[in-house]
>>> print(open('work_4.cif').read())   # mmCIF, C-alpha atoms
data_final
loop_
_atom_site.group_PDB
_atom_site.id
_atom_site.type_symbol
_atom_site.label_atom_id
_atom_site.label_comp_id
_atom_site.auth_asym_id
_atom_site.auth_seq_id
_atom_site.Cartn_x
_atom_site.Cartn_y
_atom_site.Cartn_z
ATOM 1 C CA MET W 1 36.091 40.099 6.944
ATOM 2 C CA SER W 2 34.735 36.552 6.486
ATOM 3 C CA ARG W 3 34.268 35.145 3.047
ATOM 4 C CA SER W 4 31.037 33.410 2.086
ATOM 5 C CA ARG W 5 31.259 29.822 0.954
ATOM 6 C CA PRO W 6 31.148 29.121 -2.783
ATOM 7 C CA MET W 7 27.685 28.383 -4.169
ATOM 8 C CA SER W 8 28.619 24.770 -4.982
ATOM 9 C CA MET W 9 29.654 24.140 -1.374
ATOM 10 C CA GLN W 10 26.416 25.686 -0.086
ATOM 11 C CA THR W 11 24.397 23.524 -2.496
ATOM 12 C CA ASN W 12 26.229 20.356 -1.483
ATOM 13 C CA SER W 13 25.789 21.187 2.208
ATOM 14 C CA ALA W 14 22.048 21.774 1.777
ATOM 15 C CA PHE W 15 21.713 18.536 -0.198
ATOM 16 C CA LEU W 16 23.610 16.619 2.492
ATOM 17 C CA GLU W 17 21.413 18.024 5.254
ATOM 18 C CA SER W 18 18.274 17.155 3.273
ATOM 19 C CA ASP W 19 19.586 13.633 2.627
ATOM 20 C CA ILE W 20 20.334 13.082 6.330
ATOM 21 C CA LYS W 21 16.878 14.358 7.302
ATOM 22 C CA THR W 22 15.245 12.011 4.791
ATOM 23 C CA LYS W 23 17.182 9.005 6.115
ATOM 24 C CA VAL W 24 16.376 9.825 9.743
ATOM 25 C CA LEU W 25 12.640 10.171 9.088
ATOM 26 C CA LEU W 26 12.519 7.005 6.999
ATOM 27 C CA ILE W 27 14.411 5.149 9.729
ATOM 28 C CA CYS W 28 11.618 6.238 12.079
ATOM 29 C CA GLY W 29 9.343 4.043 9.961
ATOM 30 C CA VAL W 30 11.811 1.162 10.185
ATOM 31 C CA LEU W 31 11.992 1.370 13.991
ATOM 32 C CA ALA W 32 8.282 1.805 14.754
ATOM 33 C CA GLY W 33 7.192 -1.820 14.264
ATOM 34 C CA PRO W 34 10.106 -3.558 16.042
ATOM 35 C CA PHE W 35 9.901 -1.089 18.942
ATOM 36 C CA PHE W 36 6.168 -1.659 19.426
ATOM 37 C CA THR W 37 6.482 -5.439 19.120
ATOM 38 C CA LEU W 38 9.440 -5.743 21.501
ATOM 39 C CA SER W 39 7.632 -3.609 24.063
ATOM 40 C CA TRP W 40 4.397 -5.623 24.225
ATOM 41 C CA PHE W 41 6.340 -8.898 24.104
ATOM 42 C CA LEU W 42 8.553 -8.062 27.090
ATOM 43 C CA GLN W 43 5.692 -6.550 29.070
ATOM 44 C CA GLY W 44 3.525 -9.624 28.503
ATOM 45 C CA LEU W 45 6.220 -11.855 29.963
ATOM 46 C CA ASN W 46 6.460 -9.895 33.202
ATOM 47 C CA ARG W 47 2.904 -8.748 33.946
ATOM 48 C CA THR W 48 1.198 -10.658 36.779
ATOM 49 C CA GLY W 49 -2.153 -12.132 35.765
ATOM 50 C CA TYR W 50 -1.651 -11.200 32.110
ATOM 51 C CA ASP W 51 -1.860 -13.870 29.385
ATOM 52 C CA PRO W 52 -0.611 -12.673 25.958
ATOM 53 C CA MET W 53 -2.598 -15.416 24.238
ATOM 54 C CA GLN W 54 -5.849 -14.213 25.799
ATOM 55 C CA HIS W 55 -5.562 -10.527 26.655
ATOM 56 C CA ALA W 56 -5.362 -7.580 24.271
ATOM 57 C CA ILE W 57 -2.181 -5.551 23.845
ATOM 58 C CA SER W 58 -4.098 -2.456 24.937
ATOM 59 C CA SER W 59 -4.800 -4.065 28.318
ATOM 60 C CA LEU W 60 -1.128 -3.542 29.157
ATOM 61 C CA SER W 61 -1.989 0.170 29.509
ATOM 62 C CA MET W 62 -3.760 -0.551 32.789
ATOM 63 C CA GLY W 63 -2.270 -1.085 36.206
ATOM 64 C CA GLU W 64 0.874 0.064 37.984
ATOM 65 C CA PHE W 65 3.115 -0.271 34.953
ATOM 66 C CA GLY W 66 0.517 0.765 32.413
ATOM 67 C CA TRP W 67 2.523 3.906 31.644
ATOM 68 C CA ILE W 68 4.988 1.741 29.706
ATOM 69 C CA GLN W 69 2.392 0.670 27.133
ATOM 70 C CA ILE W 70 0.915 4.171 27.071
ATOM 71 C CA ALA W 71 4.369 5.534 26.214
ATOM 72 C CA THR W 72 4.791 2.728 23.663
ATOM 73 C CA PHE W 73 1.597 3.747 21.862
ATOM 74 C CA ILE W 74 2.582 7.413 21.785
ATOM 75 C CA ILE W 75 6.223 6.903 20.749
ATOM 76 C CA THR W 76 5.249 4.427 18.021
ATOM 77 C CA GLY W 77 2.611 6.855 16.768
ATOM 78 C CA LEU W 78 5.137 9.703 16.629
ATOM 79 C CA LEU W 79 7.631 7.526 14.726
ATOM 80 C CA ILE W 80 4.997 6.561 12.144
ATOM 81 C CA LEU W 81 3.776 10.150 11.868
ATOM 82 C CA ALA W 82 7.328 11.373 11.176
ATOM 83 C CA PHE W 83 7.755 8.630 8.579
ATOM 84 C CA SER W 84 4.473 9.538 6.870
ATOM 85 C CA ILE W 85 5.423 13.232 6.602
ATOM 86 C CA GLU W 86 8.687 12.427 4.840
ATOM 87 C CA LEU W 87 6.982 9.809 2.691
ATOM 88 C CA ARG W 88 4.463 12.431 1.547
ATOM 89 C CA ARG W 89 7.320 14.703 0.479
ATOM 90 C CA ILE W 90 9.127 11.917 -1.369
ATOM 91 C CA LEU W 91 6.018 10.669 -3.205
ATOM 92 C CA ARG W 92 4.761 14.094 -4.211
ATOM 93 C CA HIS W 93 5.599 13.567 -7.877
ATOM 94 C CA PRO W 94 2.939 12.235 -10.305
ATOM 95 C CA SER W 95 3.954 8.573 -10.024
ATOM 96 C CA GLY W 96 3.774 8.640 -6.232
ATOM 97 C CA SER W 97 0.950 8.100 -3.787
ATOM 98 C CA VAL W 98 -1.077 10.797 -2.035
ATOM 99 C CA TRP W 99 -3.409 8.594 -0.022
ATOM 100 C CA GLY W 100 -0.743 6.173 1.208
ATOM 101 C CA PRO W 101 1.239 8.687 3.313
ATOM 102 C CA LEU W 102 -2.013 10.311 4.479
ATOM 103 C CA LEU W 103 -3.362 6.999 5.750
ATOM 104 C CA LEU W 104 -0.063 6.287 7.497
ATOM 105 C CA GLY W 105 -0.282 9.706 9.132
ATOM 106 C CA LEU W 106 -3.755 8.837 10.427
ATOM 107 C CA LEU W 107 -2.322 5.561 11.718
ATOM 108 C CA GLY W 108 0.280 7.495 13.702
ATOM 109 C CA ILE W 109 -2.378 9.799 15.127
ATOM 110 C CA GLY W 110 -4.527 6.788 15.968
ATOM 111 C CA LEU W 111 -1.746 5.174 17.983
ATOM 112 C CA ILE W 112 -1.078 8.424 19.839
ATOM 113 C CA GLY W 113 -4.785 8.645 20.683
ATOM 114 C CA SER W 114 -4.795 5.000 21.772
ATOM 115 C CA GLY W 115 -2.084 5.879 24.267
ATOM 116 C CA ILE W 116 -3.786 8.987 25.589
ATOM 117 C CA PHE W 117 -7.161 7.260 26.031
ATOM 118 C CA VAL W 118 -6.739 4.041 28.013
ATOM 119 C CA THR W 119 -8.865 1.030 27.141
ATOM 120 C CA ASP W 120 -11.535 -0.403 29.430
ATOM 121 C CA PRO W 121 -10.946 -3.640 31.397
ATOM 122 C CA LEU W 122 -11.698 -6.517 29.044
ATOM 123 C CA ASN W 123 -11.640 -10.279 28.611
ATOM 124 C CA GLY W 124 -10.693 -11.079 32.189
ATOM 125 C CA TYR W 125 -7.949 -8.477 32.646
ATOM 126 C CA PRO W 126 -7.216 -7.078 35.152
ATOM 127 C CA PRO W 127 -7.968 -10.313 37.056
ATOM 128 C CA GLY W 128 -11.591 -10.451 38.109
ATOM 129 C CA THR W 129 -12.854 -8.486 35.109
ATOM 130 C CA PRO W 130 -15.832 -10.053 33.264
ATOM 131 C CA ILE W 131 -15.219 -11.380 29.757
ATOM 132 C CA ILE W 132 -17.355 -8.557 28.333
ATOM 133 C CA PRO W 133 -17.778 -5.645 30.780
ATOM 134 C CA THR W 134 -21.254 -4.172 30.909
ATOM 135 C CA ASP W 135 -20.087 -0.604 31.561
ATOM 136 C CA ARG W 136 -18.073 1.425 29.044
ATOM 137 C CA THR W 137 -16.192 4.636 29.768
ATOM 138 C CA ALA W 138 -15.587 7.598 27.479
ATOM 139 C CA HIS W 139 -11.867 6.798 27.583
ATOM 140 C CA GLY W 140 -12.494 3.216 26.496
ATOM 141 C CA ILE W 141 -14.774 4.239 23.636
ATOM 142 C CA LEU W 142 -12.282 6.830 22.384
ATOM 143 C CA HIS W 143 -9.511 4.233 22.599
ATOM 144 C CA ASP W 144 -11.485 1.924 20.325
ATOM 145 C CA LEU W 145 -12.199 4.759 17.859
ATOM 146 C CA PHE W 146 -8.518 5.672 17.662
ATOM 147 C CA GLY W 147 -7.776 2.012 16.923
ATOM 148 C CA ILE W 148 -9.748 2.164 13.656
ATOM 149 C CA PRO W 149 -6.850 3.675 11.627
ATOM 150 C CA PHE W 150 -4.773 0.639 12.588
ATOM 151 C CA PHE W 151 -7.108 -2.308 12.245
ATOM 152 C CA LEU W 152 -9.004 -0.961 9.235
ATOM 153 C CA GLY W 153 -6.825 1.859 7.901
ATOM 154 C CA LEU W 154 -3.556 -0.062 7.701
ATOM 155 C CA PRO W 155 -4.956 -2.874 5.504
ATOM 156 C CA ILE W 156 -6.374 -0.213 3.174
ATOM 157 C CA THR W 157 -2.927 1.427 3.125
ATOM 158 C CA CYS W 158 -1.458 -1.905 1.995
ATOM 159 C CA PHE W 159 -3.821 -1.928 -0.996
ATOM 160 C CA VAL W 160 -3.022 1.722 -1.812
ATOM 161 C CA PHE W 161 0.708 1.025 -1.884
ATOM 162 C CA ALA W 162 0.124 -2.113 -3.951
ATOM 163 C CA ARG W 163 -0.962 0.211 -6.775
ATOM 164 C CA PHE W 164 2.164 2.317 -6.234
ATOM 165 C CA PHE W 165 4.348 -0.788 -6.495
ATOM 166 C CA ASP W 166 2.529 -1.850 -9.665
ATOM 167 C CA ARG W 167 3.365 1.523 -11.236
ATOM 168 C CA GLN W 168 6.984 1.016 -10.224
ATOM 169 C CA GLY W 169 7.040 -2.415 -11.848
ATOM 170 C CA GLU W 170 7.571 -4.007 -8.412
ATOM 171 C CA HIS W 171 4.971 -6.732 -8.833
ATOM 172 C CA ASN W 172 6.306 -8.932 -6.020
ATOM 173 C CA TRP W 173 6.002 -6.005 -3.620
ATOM 174 C CA ALA W 174 2.517 -5.296 -4.942
ATOM 175 C CA LEU W 175 1.505 -8.907 -4.305
ATOM 176 C CA TYR W 176 3.022 -8.858 -0.823
ATOM 177 C CA SER W 177 1.157 -5.641 -0.006
ATOM 178 C CA ARG W 178 -2.163 -7.103 -1.137
ATOM 179 C CA LEU W 179 -1.574 -10.317 0.793
ATOM 180 C CA SER W 180 -0.717 -8.300 3.906
ATOM 181 C CA GLY W 181 -3.916 -6.284 3.556
ATOM 182 C CA VAL W 182 -6.032 -9.395 3.057
ATOM 183 C CA GLY W 183 -4.266 -11.163 5.932
ATOM 184 C CA MET W 184 -4.898 -8.281 8.330
ATOM 185 C CA PHE W 185 -8.558 -8.055 7.360
ATOM 186 C CA ALA W 186 -9.101 -11.810 7.589
ATOM 187 C CA VAL W 187 -7.525 -12.321 11.015
ATOM 188 C CA PHE W 188 -9.140 -9.161 12.395
ATOM 189 C CA VAL W 189 -12.599 -10.297 11.250
ATOM 190 C CA VAL W 190 -12.054 -13.741 12.817
ATOM 191 C CA ALA W 191 -10.970 -12.090 16.085
ATOM 192 C CA ARG W 192 -13.983 -9.734 16.163
ATOM 193 C CA LEU W 193 -16.482 -12.455 15.248
ATOM 194 C CA GLY W 194 -14.998 -14.701 17.892
ATOM 195 C CA PHE W 195 -15.253 -11.933 20.447
ATOM 196 C CA ARG W 196 -18.946 -11.442 19.686
ATOM 197 C CA LEU W 197 -19.491 -15.153 20.329
ATOM 198 C CA LEU W 198 -17.708 -15.115 23.689
ATOM 199 C CA PRO W 199 -20.904 -15.185 25.784
ATOM 200 C CA THR W 200 -21.918 -18.417 24.041
ATOM 201 C CA TYR W 201 -18.429 -19.886 23.556
ATOM 202 C CA PRO W 202 -16.239 -18.549 26.376
ATOM 203 C CA ASP W 203 -13.338 -20.778 25.320
ATOM 204 C CA LEU W 204 -12.787 -18.434 22.361
ATOM 205 C CA ALA W 205 -11.519 -15.853 24.838
ATOM 206 C CA ALA W 206 -8.350 -17.896 25.252
ATOM 207 C CA ASN W 207 -7.187 -17.011 21.724
ATOM 208 C CA PHE W 208 -8.275 -13.394 21.398
ATOM 209 C CA GLY W 209 -4.849 -11.990 22.322
ATOM 210 C CA LEU W 210 -3.127 -14.340 19.890
ATOM 211 C CA LEU W 211 -5.357 -13.359 16.967
ATOM 212 C CA GLN W 212 -4.883 -9.669 17.724
ATOM 213 C CA ARG W 213 -1.108 -10.103 17.832
ATOM 214 C CA VAL W 214 -1.112 -11.915 14.500
ATOM 215 C CA THR W 215 -3.063 -9.005 12.981
ATOM 216 C CA VAL W 216 -0.724 -6.399 14.463
ATOM 217 C CA THR W 217 2.403 -8.302 13.430
ATOM 218 C CA ILE W 218 1.274 -8.682 9.814
ATOM 219 C CA GLY W 219 0.633 -4.948 9.559
ATOM 220 C CA LEU W 220 3.769 -3.742 11.327
ATOM 221 C CA ALA W 221 6.002 -6.172 9.428
ATOM 222 C CA TRP W 222 4.677 -4.712 6.172
ATOM 223 C CA LEU W 223 5.228 -1.177 7.473
ATOM 224 C CA THR W 224 8.829 -1.940 8.457
ATOM 225 C CA LEU W 225 9.604 -3.466 5.067
ATOM 226 C CA LEU W 226 7.947 -0.519 3.316
ATOM 227 C CA ALA W 227 10.248 1.887 5.180
ATOM 228 C CA LEU W 228 13.287 -0.222 4.249
ATOM 229 C CA TYR W 229 12.151 -0.227 0.633
ATOM 230 C CA MET W 230 11.779 3.551 0.639
ATOM 231 C CA LEU W 231 15.294 3.939 2.049
ATOM 232 C CA ARG W 232 16.645 1.920 -0.855
ATOM 233 C CA TRP W 233 14.342 3.649 -3.355
ATOM 234 C CA THR W 234 15.405 7.164 -2.336
ATOM 235 C CA ARG W 235 19.060 6.148 -2.491
ATOM 236 C CA LYS W 236 18.506 4.896 -6.033
ATOM 237 C CA GLU W 237 16.603 8.047 -7.036
ATOM 238 C CA ASN W 238 19.438 10.277 -5.802
ATOM 239 C CA THR W 239 22.166 8.471 -7.737
#
>>> encode(input="work_4.cif", output="structure tokens")
Amino acid sequence: MSRSRPMSMQTNSAFLESDIKTKVLLICGVLAGPFFTLSWFLQGLNRTGYDPMQHAISSLSMGEFGWIQIATFIITGLLILAFSIELRRILRHPSGSVWGPLLLGLLGIGLIGSGIFVTDPLNGYPPGTPIIPTDRTAHGILHDLFGIPFFLGLPITCFVFARFFDRQGEHNWALYSRLSGVGMFAVFVVARLGFRLLPTYPDLAANFGLLQRVTVTIGLAWLTLLALYMLRWTRKENT
């Protein structure tokens, strides 16, 4: 007849499993940004007729190898969604943040949707496409809507977590979060305003991809560092 394990051993085993799960889900947040960035960078180097300085990241979803960027959107979204779920559990106590993890969850869903719904041809890509296409598809419109949680939601998330860092006494992190939010908003606005002026100033099209990449990099760098911070923070809380 088998003997049951002592209660202390069962408790330690459950704690260890919970600790491993927490680390894995937080590491998902660490990996999301570098994975997404490395993917669009390598694809941009090898795609015929594609100029990373001019064309949007989403345009990589089109063409023969478009499935790579589609998978990149979906995998990155799943990583961020997993991170947000664990972050919600960790920050459930009164000094935590409710809206921060929720907004990150919406960001993950937005990226998944951006992968499922492929963007319309834009800004000269694929080659031969007009700078601003006159016809929009339902897929293209839905792609743009799912992009809102990233380009608008992520800067707001930065400001939400700035308040969390202030409560933790982490004023440098709070400042960095606010600067990241402002930086994302500022570059995104410049990119959108420039895009609206393309019919009058077509030379602005040459920098649209660059401005978008700066926006994305600011946001994903902040997200990666947030996940690293939470790994350290949870380790400190458990000691």
>>> atom_distance(input="work_4.cif", atom1="atom CA of W:Gly100", atom2="atom CA of W:Ser180")
14.7 Å
>>> atom_distance(input="work_4.cif", atom1="atom CA of W:Ile75", atom2="atom CA of W:Ala32")
8.1 Å
>>> residues_around(input="work_4.cif", residues="W:Phe159", least_positions_apart="2", cutoff="12 Å", atoms="all atoms listed in the file", output="number ranges by chain")
W: 97, 99-100, 103, 152-157, 161-166, 173-185, 219, 222
>>> closest_residue(input="work_4.cif", among="W:Ile218, W:Gln212, W:Gly140, W:Leu60", to="W:Leu45", atoms="only C-alpha atoms")
W:Leu60
>>> atom_distance(input="work_4.cif", atom1="atom CA of W:Gly44", atom2="atom CA of W:Leu223")
22.7 Å
>>> resolve_selection(input="work_4.cif", expression="the PyMOL selection byres ((chain W and resi 33-41) around 7)", output="list in words")
Val30, Leu31, Ala32, Leu42, Gln43, Gly44, Leu45, Ile57, Thr72, Thr76, Leu220, Ala221 and Thr224 of chain W
>>> residues_around(input="work_4.cif", residues="W:Ile90", least_positions_apart="5", cutoff="10 Å", atoms="all atoms listed in the file", output="PyMOL selection string")
chain W and resi 22+84-85+96-97+101+230+233-234
>>> closest_residue(input="work_4.cif", among="W:Leu107, W:Asp135, W:Pro126, W:Glu170", to="W:Glu64", atoms="only C-alpha atoms")
W:Pro126
>>> axis_aligned_box(input="work_4.cif", around="stretch 59-62 of chain W", padding_each_side="3 Å", output="AutoDock Vina command-line options")
--center_x -3.0 --center_y -1.9 --center_z 30.6 --size_x 9.7 --size_y 10.2 --size_z 10.5
>>> closest_residue(input="work_4.cif", among="W:Val189, W:Leu91, W:Leu78, W:Ala138", to="W:Leu111", atoms="all atoms listed in the file")
W:Leu78
>>> closest_residue(input="work_4.cif", among="W:Arg47, W:Lys23, W:His55, W:Arg235", to="W:Gly209", atoms="all atoms listed in the file")
W:His55
>>> decode(input="work_4.cif", residues="stretch 119-141 of chain W", atoms="N, CA and C atoms", output="PDB file, in the first residue's frame")
ATOM      1  N   THR W 119      -3.311  42.854 -44.141  1.00  0.00           N
ATOM      2  CA  THR W 119      -3.443  44.248 -44.560  1.00  0.00           C
ATOM      3  C   THR W 119      -3.635  44.371 -46.063  1.00  0.00           C
ATOM      4  N   ASP W 120      -4.113  45.525 -46.494  1.00  0.00           N
ATOM      5  CA  ASP W 120      -4.239  45.821 -47.924  1.00  0.00           C
ATOM      6  C   ASP W 120      -2.884  46.257 -48.486  1.00  0.00           C
ATOM      7  N   PRO W 121      -2.666  46.101 -49.798  1.00  0.00           N
ATOM      8  CA  PRO W 121      -1.469  46.667 -50.434  1.00  0.00           C
ATOM      9  C   PRO W 121      -1.391  48.170 -50.154  1.00  0.00           C
ATOM     10  N   LEU W 122      -0.175  48.650 -49.895  1.00  0.00           N
ATOM     11  CA  LEU W 122      -0.044  50.031 -49.418  1.00  0.00           C
ATOM     12  C   LEU W 122       1.333  50.582 -49.728  1.00  0.00           C
ATOM     13  N   ASN W 123       1.392  51.868 -50.022  1.00  0.00           N
ATOM     14  CA  ASN W 123       2.643  52.609 -50.109  1.00  0.00           C
ATOM     15  C   ASN W 123       3.638  51.977 -51.086  1.00  0.00           C
ATOM     16  N   GLY W 124       3.110  51.468 -52.203  1.00  0.00           N
ATOM     17  CA  GLY W 124       3.997  50.948 -53.231  1.00  0.00           C
ATOM     18  C   GLY W 124       4.390  49.501 -53.072  1.00  0.00           C
ATOM     19  N   TYR W 125       3.805  48.790 -52.108  1.00  0.00           N
ATOM     20  CA  TYR W 125       4.110  47.359 -51.962  1.00  0.00           C
ATOM     21  C   TYR W 125       2.821  46.563 -51.866  1.00  0.00           C
ATOM     22  N   PRO W 126       2.752  45.447 -52.593  1.00  0.00           N
ATOM     23  CA  PRO W 126       3.723  44.891 -53.552  1.00  0.00           C
ATOM     24  C   PRO W 126       4.010  45.865 -54.703  1.00  0.00           C
ATOM     25  N   PRO W 127       5.155  45.678 -55.375  1.00  0.00           N
ATOM     26  CA  PRO W 127       5.544  46.598 -56.454  1.00  0.00           C
ATOM     27  C   PRO W 127       4.408  46.828 -57.439  1.00  0.00           C
ATOM     28  N   GLY W 128       4.197  48.100 -57.757  1.00  0.00           N
ATOM     29  CA  GLY W 128       3.118  48.481 -58.652  1.00  0.00           C
ATOM     30  C   GLY W 128       1.890  48.995 -57.933  1.00  0.00           C
ATOM     31  N   THR W 129       1.861  48.833 -56.610  1.00  0.00           N
ATOM     32  CA  THR W 129       0.736  49.333 -55.814  1.00  0.00           C
ATOM     33  C   THR W 129       0.800  50.851 -55.703  1.00  0.00           C
ATOM     34  N   PRO W 130      -0.324  51.560 -55.822  1.00  0.00           N
ATOM     35  CA  PRO W 130      -0.321  53.016 -55.616  1.00  0.00           C
ATOM     36  C   PRO W 130       0.092  53.372 -54.190  1.00  0.00           C
ATOM     37  N   ILE W 131       0.547  54.595 -53.994  1.00  0.00           N
ATOM     38  CA  ILE W 131       0.932  55.043 -52.656  1.00  0.00           C
ATOM     39  C   ILE W 131      -0.238  54.885 -51.689  1.00  0.00           C
ATOM     40  N   ILE W 132      -1.414  55.358 -52.085  1.00  0.00           N
ATOM     41  CA  ILE W 132      -2.621  55.188 -51.271  1.00  0.00           C
ATOM     42  C   ILE W 132      -3.670  54.494 -52.136  1.00  0.00           C
ATOM     43  N   PRO W 133      -3.899  53.211 -51.942  1.00  0.00           N
ATOM     44  CA  PRO W 133      -4.897  52.492 -52.755  1.00  0.00           C
ATOM     45  C   PRO W 133      -6.292  53.088 -52.582  1.00  0.00           C
ATOM     46  N   THR W 134      -7.035  53.090 -53.662  1.00  0.00           N
ATOM     47  CA  THR W 134      -8.388  53.654 -53.605  1.00  0.00           C
ATOM     48  C   THR W 134      -9.406  52.658 -53.068  1.00  0.00           C
ATOM     49  N   ASP W 135      -9.132  51.368 -53.196  1.00  0.00           N
ATOM     50  CA  ASP W 135     -10.066  50.340 -52.757  1.00  0.00           C
ATOM     51  C   ASP W 135      -9.577  49.691 -51.463  1.00  0.00           C
ATOM     52  N   ARG W 136     -10.471  49.583 -50.481  1.00  0.00           N
ATOM     53  CA  ARG W 136     -10.163  48.893 -49.234  1.00  0.00           C
ATOM     54  C   ARG W 136     -10.963  47.610 -49.150  1.00  0.00           C
ATOM     55  N   THR W 137     -10.378  46.596 -48.520  1.00  0.00           N
ATOM     56  CA  THR W 137     -11.080  45.331 -48.315  1.00  0.00           C
ATOM     57  C   THR W 137     -11.480  45.213 -46.854  1.00  0.00           C
ATOM     58  N   ALA W 138     -12.411  44.300 -46.585  1.00  0.00           N
ATOM     59  CA  ALA W 138     -12.824  44.061 -45.197  1.00  0.00           C
ATOM     60  C   ALA W 138     -11.647  43.565 -44.370  1.00  0.00           C
ATOM     61  N   HIS W 139     -10.808  42.714 -44.984  1.00  0.00           N
ATOM     62  CA  HIS W 139      -9.628  42.210 -44.278  1.00  0.00           C
ATOM     63  C   HIS W 139      -8.695  43.361 -43.886  1.00  0.00           C
ATOM     64  N   GLY W 140      -8.472  44.275 -44.834  1.00  0.00           N
ATOM     65  CA  GLY W 140      -7.574  45.389 -44.560  1.00  0.00           C
ATOM     66  C   GLY W 140      -8.101  46.303 -43.474  1.00  0.00           C
ATOM     67  N   ILE W 141      -9.395  46.563 -43.491  1.00  0.00           N
ATOM     68  CA  ILE W 141     -10.004  47.420 -42.463  1.00  0.00           C
ATOM     69  C   ILE W 141      -9.913  46.765 -41.088  1.00  0.00           C
TER      70      ILE W 141
END
